[in-house]
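Peer 1: Here's a structure for you.
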Amino acid sequence: MHILNFKSKMVLEVTNTNNVKVYTVSGSSLTRKLPDWLIRRKRRELQKDIEWTRRIELIQDFGFPEAALRIKVTPDQQFCMATGVYKPQIRVFDFSNVAMKFDRHTDSENVNFLILSDDWTKSVHLQNDRSLEFHNEGQMHFRTRIPRFGRDLAYHMPSCDVLVGGASNEVYRLNIDQGRFMTPMETQSRKGVNVVRVNPAHQLFGFGLEDGAVEFWDPRARNRIGVLEPAIPEATQSGLEITAMDFRKDGLGVALGTSSGHVLLYDLRQSRPWQVKDQQYGLPIKSLQWIEHAAGAYSDEMDTDGAKIMSADSRIIKLWNVNSGKVFTSIEPPCDINDVSHITDSGLLFVAGESSEIHSYFIPQLGPAPRWAHFLENLTEEMEQKPQQTIYDDYKFVVRRELESLGLAHLIGSPVLKPYMHGFFVDLRLYERAKAIANPFAYEEYRMRRVQEKLSQARESRIRATTKLPKVNRSLAMRLMHLQKGTARNDDSSDSDEETSKRMGGRQRRKAQAQAATATAVLQDSRFKDIFSNPEFEVDEEADEFKQLHTPFKKMKLQKKQVEESDDSSADEAVDIRNSNEEVNSDNEFFQ
C-alpha cells in the first residue's frame, strides 16, 4: 500500500473565498512536470526546488505527460478513470492503493467516455477520429466508426443503447446487446448536437443542440415530446449554443450551460428558469453537476434544500446554492480546465486540465473526506499554509561605524534607532535618504565601475593577430617586422591626415621607406634565410659590442612600444611622430 510521507516543511495551499476554505491537496501551481529520467538523475538538485519539495501526492502518478482531457469516478467509488495526452492514453487509478493501476495507449485522442460497469472493467470511448472503442479489463474489445465526428455520448441502460451526438442533426444509437446500429433520432438542429444526457429517474433523453435549443425525447416511443429554448439576456442571444447539461436525481431538475457562460436551472414542469447564473468570464460552460447535500456538510440557514451546482468553464469552477443563487465558493486552477469530477457525498474534487498533473481540491464545508483519504481531515488543519509576517521588513540593520559614516550617530539613544545586539535597526526610508545625502555620486561611481568592467571584459575577448617568429634571432625578426608595420602605418596616417604629412619631411619619409624596403628584403630574400634558421648566425645580445650599439634604454623603449602595439587592436590610429623618429633612429643604429 502506498503511504504518504510528509515533511515538516510541507504546507497545503489554501484559499478562503466566501469564508470557505479550499485546500489544494494534489497538484502544484506549476503547469510543468519534470520528466522521470531527470528526477532519477537529479534528485539532489530537486531538493532545492521549493515547488518540488512542498508537493503532496494524494495519488501516485496522478497525471499525464502533457495534459488530462477527461476524468470520471466509477459508480462504486473505488476507482478513477482518466484520459489524456501525449501520447493518447487511458489511465485507471486505484483508490485503495492510492496509486495508478494501469495505463493503456490508444490510436487517437479521446473526446469523452462512459463507464458501463460498477467498476472500471467495461467502458466505451468516443475518439476524435469518428470511432467508438469498447474496452474491457484486458484490452480493447471492439472498435467501430460513426458517420460524423462525435461530440458527446450517453448510455441508456434499459435498452443497452449507446447514444452518440455529433456534427449532424442525428443522434446515433448503437445497441451493444444486438451489436448493431439502430435507427437514429433526427433532431431539428441544422448544425449538430453538442450534449447528450439521460435522466437517471425516468430515462428521459435530453439533447443540447448547437442552435441553442434543448430537445427532450421519450425512449419508449422514440419521439420528441418537447423543445426548450433558454431565455437569457438578448445581448448574448445571437449564436447561442448549449454546451453542457445535467439532470438532477429527482427527475425534475435540469441544469443547462451555454456558450455565453450562463447557467440556467429549469423545472421540467415549467418553461422558464427559476435560476440564471452568469459565470462572468464569457467562456462556454464545460462541466455541470448537481451536488446534493452530504451528511456533515455545511448548510446555510436560509438554504433549506442544501443542494449546489458546480459549474466550470476553462478558467474557473464555481459552486453556488440552487435556490438562492449565492456563490458558495470558487476555485481557479493554474491551468485551463477540461473536465471536473466530484466524488459523491464528499468534499473532494478532481480537475483535469492543460497541465501534466490532475489537481485535487478538498472543501471540508462541502462534505467529509472519502473513506480511502480519511487522513485529509487532520492534514488540512495541521499543514495549512499560514502567512508569516516578518517584523523587520521595513528596517535596516546597521552598526555604529556605518551610522557615523552616514552622519546618524547623533540619533543613538533616540526612538529612531532600535538597539539590537551589536548594532541598531533604523527605518529603511531614513537609511536610504541618509545614504543618498552622504554619497550623492554613489550611482555615478557604480555606473563608471560597471562600464570599466564591461570594457575590460570586451578587451579580453578580442581576437588578436598573432605573428609567427623564427626560432633563431627572434628579436631581430621582431624589430624588422615592427619596422615594416611602422612605415605602413605612417603611410596610412599621412594619407588620412594632411597636417601630419606636412610635419613629416619628404627626406624623413623616403628614409623610412628605404629602411622598410631593406627590412622586407632581409625577411623575404632567400639569401638571408640562414640568419633565422641556422643557430650559428645567432646574434649574442649579451656581447659588449652589441650593448655598445644598442643601449638598454633604447632596447627597453623599443620592447615597450612593441608590446603596446600588439595589445592595440585598432589599426587606424595615428602614430606619434616623435616615437616613430626614435624607432627609425634606433634601427639606423642597428644597420650601421
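In the C-alpha cells, chains take the letters A, B, ... in the order shown, each chain's residues start at 1, and ligands count up from 1 in the order shown.
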Excluding segment 14-20 of chain A and residues on its chain fewer than 3 positions from it, collect all residues at most 8 Å away from it, counting only C-alpha atoms, and give them as a list in words.
Peer 2: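 Contacts, with the query itself left out: Tyr23, Thr24, Val327, Phe328, Thr329, Ser330, Ile363, Gln365, Glu384 and Gln385 of chain A.
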Peer 1: Go ahead and write the residues just picked, N, CA, C and O atoms, as a PDB file, in the first residue's frame.
Peer 2:
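Result file is result.pdb:
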```pdb
ATOM      1  N   TYR A  23      -8.610  23.537   0.000  1.00  0.00           N
ATOM      2  CA  TYR A  23      -7.243  23.052   0.134  1.00  0.00           C
ATOM      3  C   TYR A  23      -6.808  22.376  -1.168  1.00  0.00           C
ATOM      4  O   TYR A  23      -7.546  21.544  -1.718  1.00  0.00           O
ATOM      5  N   THR A  24      -5.632  22.733  -1.635  1.00  0.00           N
ATOM      6  CA  THR A  24      -5.036  22.068  -2.792  1.00  0.00           C
ATOM      7  C   THR A  24      -4.227  20.886  -2.272  1.00  0.00           C
ATOM      8  O   THR A  24      -3.102  21.054  -1.772  1.00  0.00           O
ATOM      9  N   VAL A 327     -23.136  32.457  -4.264  1.00  0.00           N
ATOM     10  CA  VAL A 327     -21.908  31.713  -4.532  1.00  0.00           C
ATOM     11  C   VAL A 327     -21.400  31.098  -3.236  1.00  0.00           C
ATOM     12  O   VAL A 327     -21.216  31.798  -2.224  1.00  0.00           O
ATOM     13  N   PHE A 328     -21.196  29.807  -3.250  1.00  0.00           N
ATOM     14  CA  PHE A 328     -20.657  29.098  -2.089  1.00  0.00           C
ATOM     15  C   PHE A 328     -19.140  29.269  -2.015  1.00  0.00           C
ATOM     16  O   PHE A 328     -18.594  29.678  -1.000  1.00  0.00           O
ATOM     17  N   THR A 329     -18.453  28.972  -3.094  1.00  0.00           N
ATOM     18  CA  THR A 329     -17.010  29.200  -3.210  1.00  0.00           C
ATOM     19  C   THR A 329     -16.624  29.080  -4.678  1.00  0.00           C
ATOM     20  O   THR A 329     -17.443  28.697  -5.528  1.00  0.00           O
ATOM     21  N   SER A 330     -15.378  29.391  -4.966  1.00  0.00           N
ATOM     22  CA  SER A 330     -14.868  29.291  -6.336  1.00  0.00           C
ATOM     23  C   SER A 330     -13.434  28.819  -6.292  1.00  0.00           C
ATOM     24  O   SER A 330     -12.705  29.048  -5.318  1.00  0.00           O
ATOM     25  N   ILE A 363     -12.695  20.452   0.030  1.00  0.00           N
ATOM     26  CA  ILE A 363     -13.507  21.502   0.642  1.00  0.00           C
ATOM     27  C   ILE A 363     -14.228  20.878   1.834  1.00  0.00           C
ATOM     28  O   ILE A 363     -15.246  20.181   1.645  1.00  0.00           O
ATOM     29  N   GLN A 365     -16.188  22.091   4.041  1.00  0.00           N
ATOM     30  CA  GLN A 365     -17.567  22.537   4.222  1.00  0.00           C
ATOM     31  C   GLN A 365     -18.517  21.969   3.173  1.00  0.00           C
ATOM     32  O   GLN A 365     -19.731  22.065   3.336  1.00  0.00           O
ATOM     33  N   GLU A 384      -1.865  23.447   7.009  1.00  0.00           N
ATOM     34  CA  GLU A 384      -2.403  24.622   6.330  1.00  0.00           C
ATOM     35  C   GLU A 384      -1.342  25.694   6.216  1.00  0.00           C
ATOM     36  O   GLU A 384      -0.584  25.953   7.153  1.00  0.00           O
ATOM     37  N   GLN A 385      -1.284  26.307   5.061  1.00  0.00           N
ATOM     38  CA  GLN A 385      -0.317  27.369   4.819  1.00  0.00           C
ATOM     39  C   GLN A 385      -0.753  28.617   5.572  1.00  0.00           C
ATOM     40  O   GLN A 385      -1.798  29.192   5.298  1.00  0.00           O
TER      41      GLN A 385
END
```
Peer 1: What gap, in Å, lies between atom CA of Leu204 of chain A and atom CA of Phe149 of chain A?
Peer 2: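 That distance, rounded to one decimal, is 24.1 Å.
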Peer 1: Determine, counting only C-alpha atoms, which protein, DNA and RNA residues have an atom within 9 Å of an atom of Phe424 of chain A; residues of the same chain fewer than 3 positions away are not included. Present the result as a PDB file with all heavy atoms, in the first residue's frame.
Peer 2:
```
ATOM      1  N   LYS A 396      16.407  48.482   8.506  1.00  0.00           N
ATOM      2  CA  LYS A 396      17.743  48.118   8.053  1.00  0.00           C
ATOM      3  C   LYS A 396      18.656  48.019   9.268  1.00  0.00           C
ATOM      4  O   LYS A 396      18.686  48.924  10.121  1.00  0.00           O
ATOM      5  CB  LYS A 396      18.270  49.177   7.076  1.00  0.00           C
ATOM      6  CG  LYS A 396      19.712  48.990   6.661  1.00  0.00           C
ATOM      7  CD  LYS A 396      19.873  47.817   5.723  1.00  0.00           C
ATOM      8  CE  LYS A 396      21.302  47.728   5.209  1.00  0.00           C
ATOM      9  NZ  LYS A 396      21.495  46.583   4.314  1.00  0.00           N
ATOM     10  N   PHE A 397      19.408  46.925   9.350  1.00  0.00           N
ATOM     11  CA  PHE A 397      20.332  46.750  10.461  1.00  0.00           C
ATOM     12  C   PHE A 397      21.677  47.390  10.108  1.00  0.00           C
ATOM     13  O   PHE A 397      22.267  47.094   9.068  1.00  0.00           O
ATOM     14  CB  PHE A 397      20.523  45.259  10.752  1.00  0.00           C
ATOM     15  CG  PHE A 397      21.464  44.998  11.898  1.00  0.00           C
ATOM     16  CD1 PHE A 397      21.032  45.116  13.202  1.00  0.00           C
ATOM     17  CD2 PHE A 397      22.790  44.640  11.663  1.00  0.00           C
ATOM     18  CE1 PHE A 397      21.884  44.878  14.258  1.00  0.00           C
ATOM     19  CE2 PHE A 397      23.651  44.402  12.713  1.00  0.00           C
ATOM     20  CZ  PHE A 397      23.208  44.525  14.020  1.00  0.00           C
ATOM     21  N   VAL A 398      22.170  48.277  10.977  1.00  0.00           N
ATOM     22  CA  VAL A 398      23.429  48.970  10.761  1.00  0.00           C
ATOM     23  C   VAL A 398      24.245  48.903  12.045  1.00  0.00           C
ATOM     24  O   VAL A 398      23.689  48.799  13.157  1.00  0.00           O
ATOM     25  CB  VAL A 398      23.213  50.437  10.343  1.00  0.00           C
ATOM     26  CG1 VAL A 398      22.561  50.533   8.985  1.00  0.00           C
ATOM     27  CG2 VAL A 398      22.372  51.185  11.374  1.00  0.00           C
ATOM     28  N   VAL A 399      25.555  48.976  11.897  1.00  0.00           N
ATOM     29  CA  VAL A 399      26.462  49.019  13.049  1.00  0.00           C
ATOM     30  C   VAL A 399      26.842  50.470  13.322  1.00  0.00           C
ATOM     31  O   VAL A 399      26.531  51.385  12.545  1.00  0.00           O
ATOM     32  CB  VAL A 399      27.703  48.145  12.792  1.00  0.00           C
ATOM     33  CG1 VAL A 399      27.292  46.692  12.651  1.00  0.00           C
ATOM     34  CG2 VAL A 399      28.437  48.606  11.546  1.00  0.00           C
ATOM     35  N   ARG A 400      27.561  50.677  14.431  1.00  0.00           N
ATOM     36  CA  ARG A 400      27.905  52.043  14.846  1.00  0.00           C
ATOM     37  C   ARG A 400      28.801  52.724  13.814  1.00  0.00           C
ATOM     38  O   ARG A 400      28.661  53.919  13.541  1.00  0.00           O
ATOM     39  CB  ARG A 400      28.576  52.007  16.207  1.00  0.00           C
ATOM     40  CG  ARG A 400      28.879  53.379  16.795  1.00  0.00           C
ATOM     41  CD  ARG A 400      29.566  53.229  18.133  1.00  0.00           C
ATOM     42  NE  ARG A 400      28.695  52.608  19.095  1.00  0.00           N
ATOM     43  CZ  ARG A 400      27.883  53.284  19.919  1.00  0.00           C
ATOM     44  NH1 ARG A 400      27.853  54.616  19.863  1.00  0.00           N
ATOM     45  NH2 ARG A 400      27.136  52.656  20.792  1.00  0.00           N
ATOM     46  N   LEU A 403      26.760  54.035  11.037  1.00  0.00           N
ATOM     47  CA  LEU A 403      25.993  55.208  11.452  1.00  0.00           C
ATOM     48  C   LEU A 403      26.848  56.475  11.397  1.00  0.00           C
ATOM     49  O   LEU A 403      26.378  57.543  10.983  1.00  0.00           O
ATOM     50  CB  LEU A 403      25.456  55.003  12.872  1.00  0.00           C
ATOM     51  CG  LEU A 403      24.220  54.119  13.030  1.00  0.00           C
ATOM     52  CD1 LEU A 403      23.881  53.963  14.500  1.00  0.00           C
ATOM     53  CD2 LEU A 403      23.030  54.694  12.281  1.00  0.00           C
ATOM     54  N   ILE A 412      21.723  58.115  18.255  1.00  0.00           N
ATOM     55  CA  ILE A 412      21.846  56.995  19.193  1.00  0.00           C
ATOM     56  C   ILE A 412      21.214  57.395  20.523  1.00  0.00           C
ATOM     57  O   ILE A 412      21.509  58.439  21.093  1.00  0.00           O
ATOM     58  CB  ILE A 412      23.328  56.612  19.385  1.00  0.00           C
ATOM     59  CG1 ILE A 412      23.922  56.118  18.059  1.00  0.00           C
ATOM     60  CG2 ILE A 412      23.473  55.544  20.445  1.00  0.00           C
ATOM     61  CD1 ILE A 412      25.396  55.795  18.138  1.00  0.00           C
ATOM     62  N   LEU A 417      16.350  54.907  16.493  1.00  0.00           N
ATOM     63  CA  LEU A 417      17.227  53.747  16.395  1.00  0.00           C
ATOM     64  C   LEU A 417      16.825  52.726  17.444  1.00  0.00           C
ATOM     65  O   LEU A 417      16.713  53.061  18.641  1.00  0.00           O
ATOM     66  CB  LEU A 417      18.692  54.155  16.584  1.00  0.00           C
ATOM     67  CG  LEU A 417      19.263  55.146  15.577  1.00  0.00           C
ATOM     68  CD1 LEU A 417      20.710  55.456  15.905  1.00  0.00           C
ATOM     69  CD2 LEU A 417      19.146  54.610  14.159  1.00  0.00           C
ATOM     70  N   LYS A 418      16.616  51.484  16.992  1.00  0.00           N
ATOM     71  CA  LYS A 418      16.252  50.401  17.891  1.00  0.00           C
ATOM     72  C   LYS A 418      17.500  49.559  18.162  1.00  0.00           C
ATOM     73  O   LYS A 418      17.996  48.873  17.255  1.00  0.00           O
ATOM     74  CB  LYS A 418      15.170  49.513  17.259  1.00  0.00           C
ATOM     75  CG  LYS A 418      13.979  50.276  16.709  1.00  0.00           C
ATOM     76  CD  LYS A 418      13.166  50.933  17.802  1.00  0.00           C
ATOM     77  CE  LYS A 418      11.930  51.619  17.217  1.00  0.00           C
ATOM     78  NZ  LYS A 418      11.143  52.298  18.258  1.00  0.00           N
ATOM     79  N   PRO A 419      18.070  49.612  19.364  1.00  0.00           N
ATOM     80  CA  PRO A 419      19.285  48.823  19.634  1.00  0.00           C
ATOM     81  C   PRO A 419      19.003  47.329  19.566  1.00  0.00           C
ATOM     82  O   PRO A 419      17.987  46.849  20.073  1.00  0.00           O
ATOM     83  CB  PRO A 419      19.680  49.272  21.048  1.00  0.00           C
ATOM     84  CG  PRO A 419      18.449  49.837  21.643  1.00  0.00           C
ATOM     85  CD  PRO A 419      17.627  50.392  20.536  1.00  0.00           C
ATOM     86  N   TYR A 420      19.898  46.630  18.923  1.00  0.00           N
ATOM     87  CA  TYR A 420      19.759  45.184  18.791  1.00  0.00           C
ATOM     88  C   TYR A 420      21.155  44.585  18.619  1.00  0.00           C
ATOM     89  O   TYR A 420      21.870  44.935  17.677  1.00  0.00           O
ATOM     90  CB  TYR A 420      18.867  44.830  17.597  1.00  0.00           C
ATOM     91  CG  TYR A 420      18.610  43.347  17.436  1.00  0.00           C
ATOM     92  CD1 TYR A 420      17.711  42.689  18.261  1.00  0.00           C
ATOM     93  CD2 TYR A 420      19.281  42.615  16.456  1.00  0.00           C
ATOM     94  CE1 TYR A 420      17.477  41.329  18.118  1.00  0.00           C
ATOM     95  CE2 TYR A 420      19.050  41.258  16.311  1.00  0.00           C
ATOM     96  CZ  TYR A 420      18.154  40.624  17.147  1.00  0.00           C
ATOM     97  OH  TYR A 420      17.933  39.272  17.016  1.00  0.00           O
ATOM     98  N   MET A 421      21.539  43.691  19.523  1.00  0.00           N
ATOM     99  CA  MET A 421      22.832  43.020  19.500  1.00  0.00           C
ATOM    100  C   MET A 421      23.962  44.057  19.372  1.00  0.00           C
ATOM    101  O   MET A 421      24.061  44.949  20.206  1.00  0.00           O
ATOM    102  CB  MET A 421      22.872  41.982  18.375  1.00  0.00           C
ATOM    103  CG  MET A 421      21.868  40.849  18.588  1.00  0.00           C
ATOM    104  SD  MET A 421      21.862  39.614  17.279  1.00  0.00           S
ATOM    105  CE  MET A 421      23.489  38.933  17.440  1.00  0.00           C
TER     106      MET A 421
END
```
Peer 1: Take atom CA of Asn112 of chain A and atom CA of Arg371 of chain A and report the distance between them in Å, one decimal.
Peer 2: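 Going from atom CA of Asn112 of chain A over to atom CA of Arg371 of chain A, I get 27.8 Å.
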Peer 1: Find the residues around segment 123-139 of chain A up to 12 Å (only C-alpha atoms counted), leave out those fewer than 2 positions away in its own chain, and share them as JSON, numbers by chain.
Peer 2: {"A": [69, 70, 72, 74, 81, 82, 83, 84, 88, 89, 90, 92, 101, 102, 103, 104, 105, 106, 107, 108, 109, 110, 111, 112, 113, 114, 115, 116, 117, 118, 119, 120, 121, 141, 142, 143, 144, 145, 146, 147, 148, 149, 150, 151, 152, 153, 154, 155, 161, 162, 163, 164, 165, 166, 167, 172, 173, 174, 176, 179]}
Peer 1: Near segment 307-319 of chain A, within 6 Å and counting only C-alpha atoms, which residues show up once chain neighbours fewer than 6 positions away are dropped, as a PyMOL selection string?
Peer 2: chain A and resi 284-293+328-332+336-337
Peer 1: Can you write out the residues you just picked, keeping N, CA and C atoms, as a PDB file, in the first residue's frame?
Peer 2:
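And here's result05.pdb as it stands now:
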```
ATOM      1  N   PRO A 284     -17.512  29.354 -22.771  1.00  0.00           N
ATOM      2  CA  PRO A 284     -18.502  28.269 -22.761  1.00  0.00           C
ATOM      3  C   PRO A 284     -18.387  27.412 -21.495  1.00  0.00           C
ATOM      4  N   ILE A 285     -19.525  27.001 -20.991  1.00  0.00           N
ATOM      5  CA  ILE A 285     -19.572  26.111 -19.830  1.00  0.00           C
ATOM      6  C   ILE A 285     -19.143  24.711 -20.279  1.00  0.00           C
ATOM      7  N   LYS A 286     -18.170  24.143 -19.572  1.00  0.00           N
ATOM      8  CA  LYS A 286     -17.652  22.827 -19.950  1.00  0.00           C
ATOM      9  C   LYS A 286     -18.193  21.701 -19.089  1.00  0.00           C
ATOM     10  N   SER A 287     -18.542  21.987 -17.857  1.00  0.00           N
ATOM     11  CA  SER A 287     -18.983  20.924 -16.954  1.00  0.00           C
ATOM     12  C   SER A 287     -20.059  21.458 -16.025  1.00  0.00           C
ATOM     13  N   LEU A 288     -21.083  20.644 -15.825  1.00  0.00           N
ATOM     14  CA  LEU A 288     -22.177  20.952 -14.906  1.00  0.00           C
ATOM     15  C   LEU A 288     -22.479  19.705 -14.085  1.00  0.00           C
ATOM     16  N   GLN A 289     -22.722  19.908 -12.798  1.00  0.00           N
ATOM     17  CA  GLN A 289     -23.027  18.765 -11.946  1.00  0.00           C
ATOM     18  C   GLN A 289     -23.823  19.211 -10.735  1.00  0.00           C
ATOM     19  N   TRP A 290     -24.889  18.447 -10.449  1.00  0.00           N
ATOM     20  CA  TRP A 290     -25.660  18.670  -9.233  1.00  0.00           C
ATOM     21  C   TRP A 290     -24.933  18.007  -8.075  1.00  0.00           C
ATOM     22  N   ILE A 291     -24.776  18.737  -6.980  1.00  0.00           N
ATOM     23  CA  ILE A 291     -24.143  18.202  -5.778  1.00  0.00           C
ATOM     24  C   ILE A 291     -25.173  18.258  -4.659  1.00  0.00           C
ATOM     25  N   GLU A 292     -25.621  17.092  -4.259  1.00  0.00           N
ATOM     26  CA  GLU A 292     -26.618  17.010  -3.197  1.00  0.00           C
ATOM     27  C   GLU A 292     -25.955  17.228  -1.838  1.00  0.00           C
ATOM     28  N   HIS A 293     -26.768  17.604  -0.879  1.00  0.00           N
ATOM     29  CA  HIS A 293     -26.255  17.880   0.466  1.00  0.00           C
ATOM     30  C   HIS A 293     -25.747  16.586   1.095  1.00  0.00           C
ATOM     31  N   PHE A 328     -21.196  29.807  -3.250  1.00  0.00           N
ATOM     32  CA  PHE A 328     -20.657  29.098  -2.089  1.00  0.00           C
ATOM     33  C   PHE A 328     -19.140  29.269  -2.015  1.00  0.00           C
ATOM     34  N   THR A 329     -18.453  28.972  -3.094  1.00  0.00           N
ATOM     35  CA  THR A 329     -17.010  29.200  -3.210  1.00  0.00           C
ATOM     36  C   THR A 329     -16.624  29.080  -4.678  1.00  0.00           C
ATOM     37  N   SER A 330     -15.378  29.391  -4.966  1.00  0.00           N
ATOM     38  CA  SER A 330     -14.868  29.291  -6.336  1.00  0.00           C
ATOM     39  C   SER A 330     -13.434  28.819  -6.292  1.00  0.00           C
ATOM     40  N   ILE A 331     -13.005  28.167  -7.373  1.00  0.00           N
ATOM     41  CA  ILE A 331     -11.654  27.614  -7.490  1.00  0.00           C
ATOM     42  C   ILE A 331     -11.104  28.033  -8.844  1.00  0.00           C
ATOM     43  N   GLU A 332      -9.901  28.560  -8.839  1.00  0.00           N
ATOM     44  CA  GLU A 332      -9.220  28.944 -10.080  1.00  0.00           C
ATOM     45  C   GLU A 332      -7.922  28.159 -10.190  1.00  0.00           C
ATOM     46  N   ASP A 336      -5.831  25.818 -17.800  1.00  0.00           N
ATOM     47  CA  ASP A 336      -7.167  25.755 -18.384  1.00  0.00           C
ATOM     48  C   ASP A 336      -7.846  24.443 -18.001  1.00  0.00           C
ATOM     49  N   ILE A 337      -9.131  24.519 -17.744  1.00  0.00           N
ATOM     50  CA  ILE A 337      -9.897  23.372 -17.264  1.00  0.00           C
ATOM     51  C   ILE A 337     -10.500  22.631 -18.453  1.00  0.00           C
TER      52      ILE A 337
END
```
Peer 1: Which value, in Å to one decimal, gives the distance between atom CA of Val25 of chain A and atom CA of Asp61 of chain A?
Peer 2: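 Computing the Euclidean distance for atom CA of Val25 of chain A and atom CA of Asp61 of chain A yields 14.0 Å.
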Peer 1: Nearest to Asp94 of chain A: which of A:Ala373, A:Met140, A:Leu349, A:Leu411 is it, counting only C-alpha atoms?
Peer 2: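 Of all the options, A:Ala373 lies closest to Asp94 of chain A.
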Peer 1: Skipping near chain neighbours, those fewer than 2 positions away, what residues fall within 6 Å of Phe62 of chain A using only C-alpha atoms, listed as an MDAnalysis selection string?
Peer 2: chainID A and resid 59:60 358
Peer 1: Under the rule that only C-alpha atoms are counted, which of A:Ala221, A:Leu252, A:Leu348, A:Val193 is the nearest residue to Val73 of chain A?
Peer 2: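 Answer, going by the shortest atom-to-atom distance: A:Leu348.
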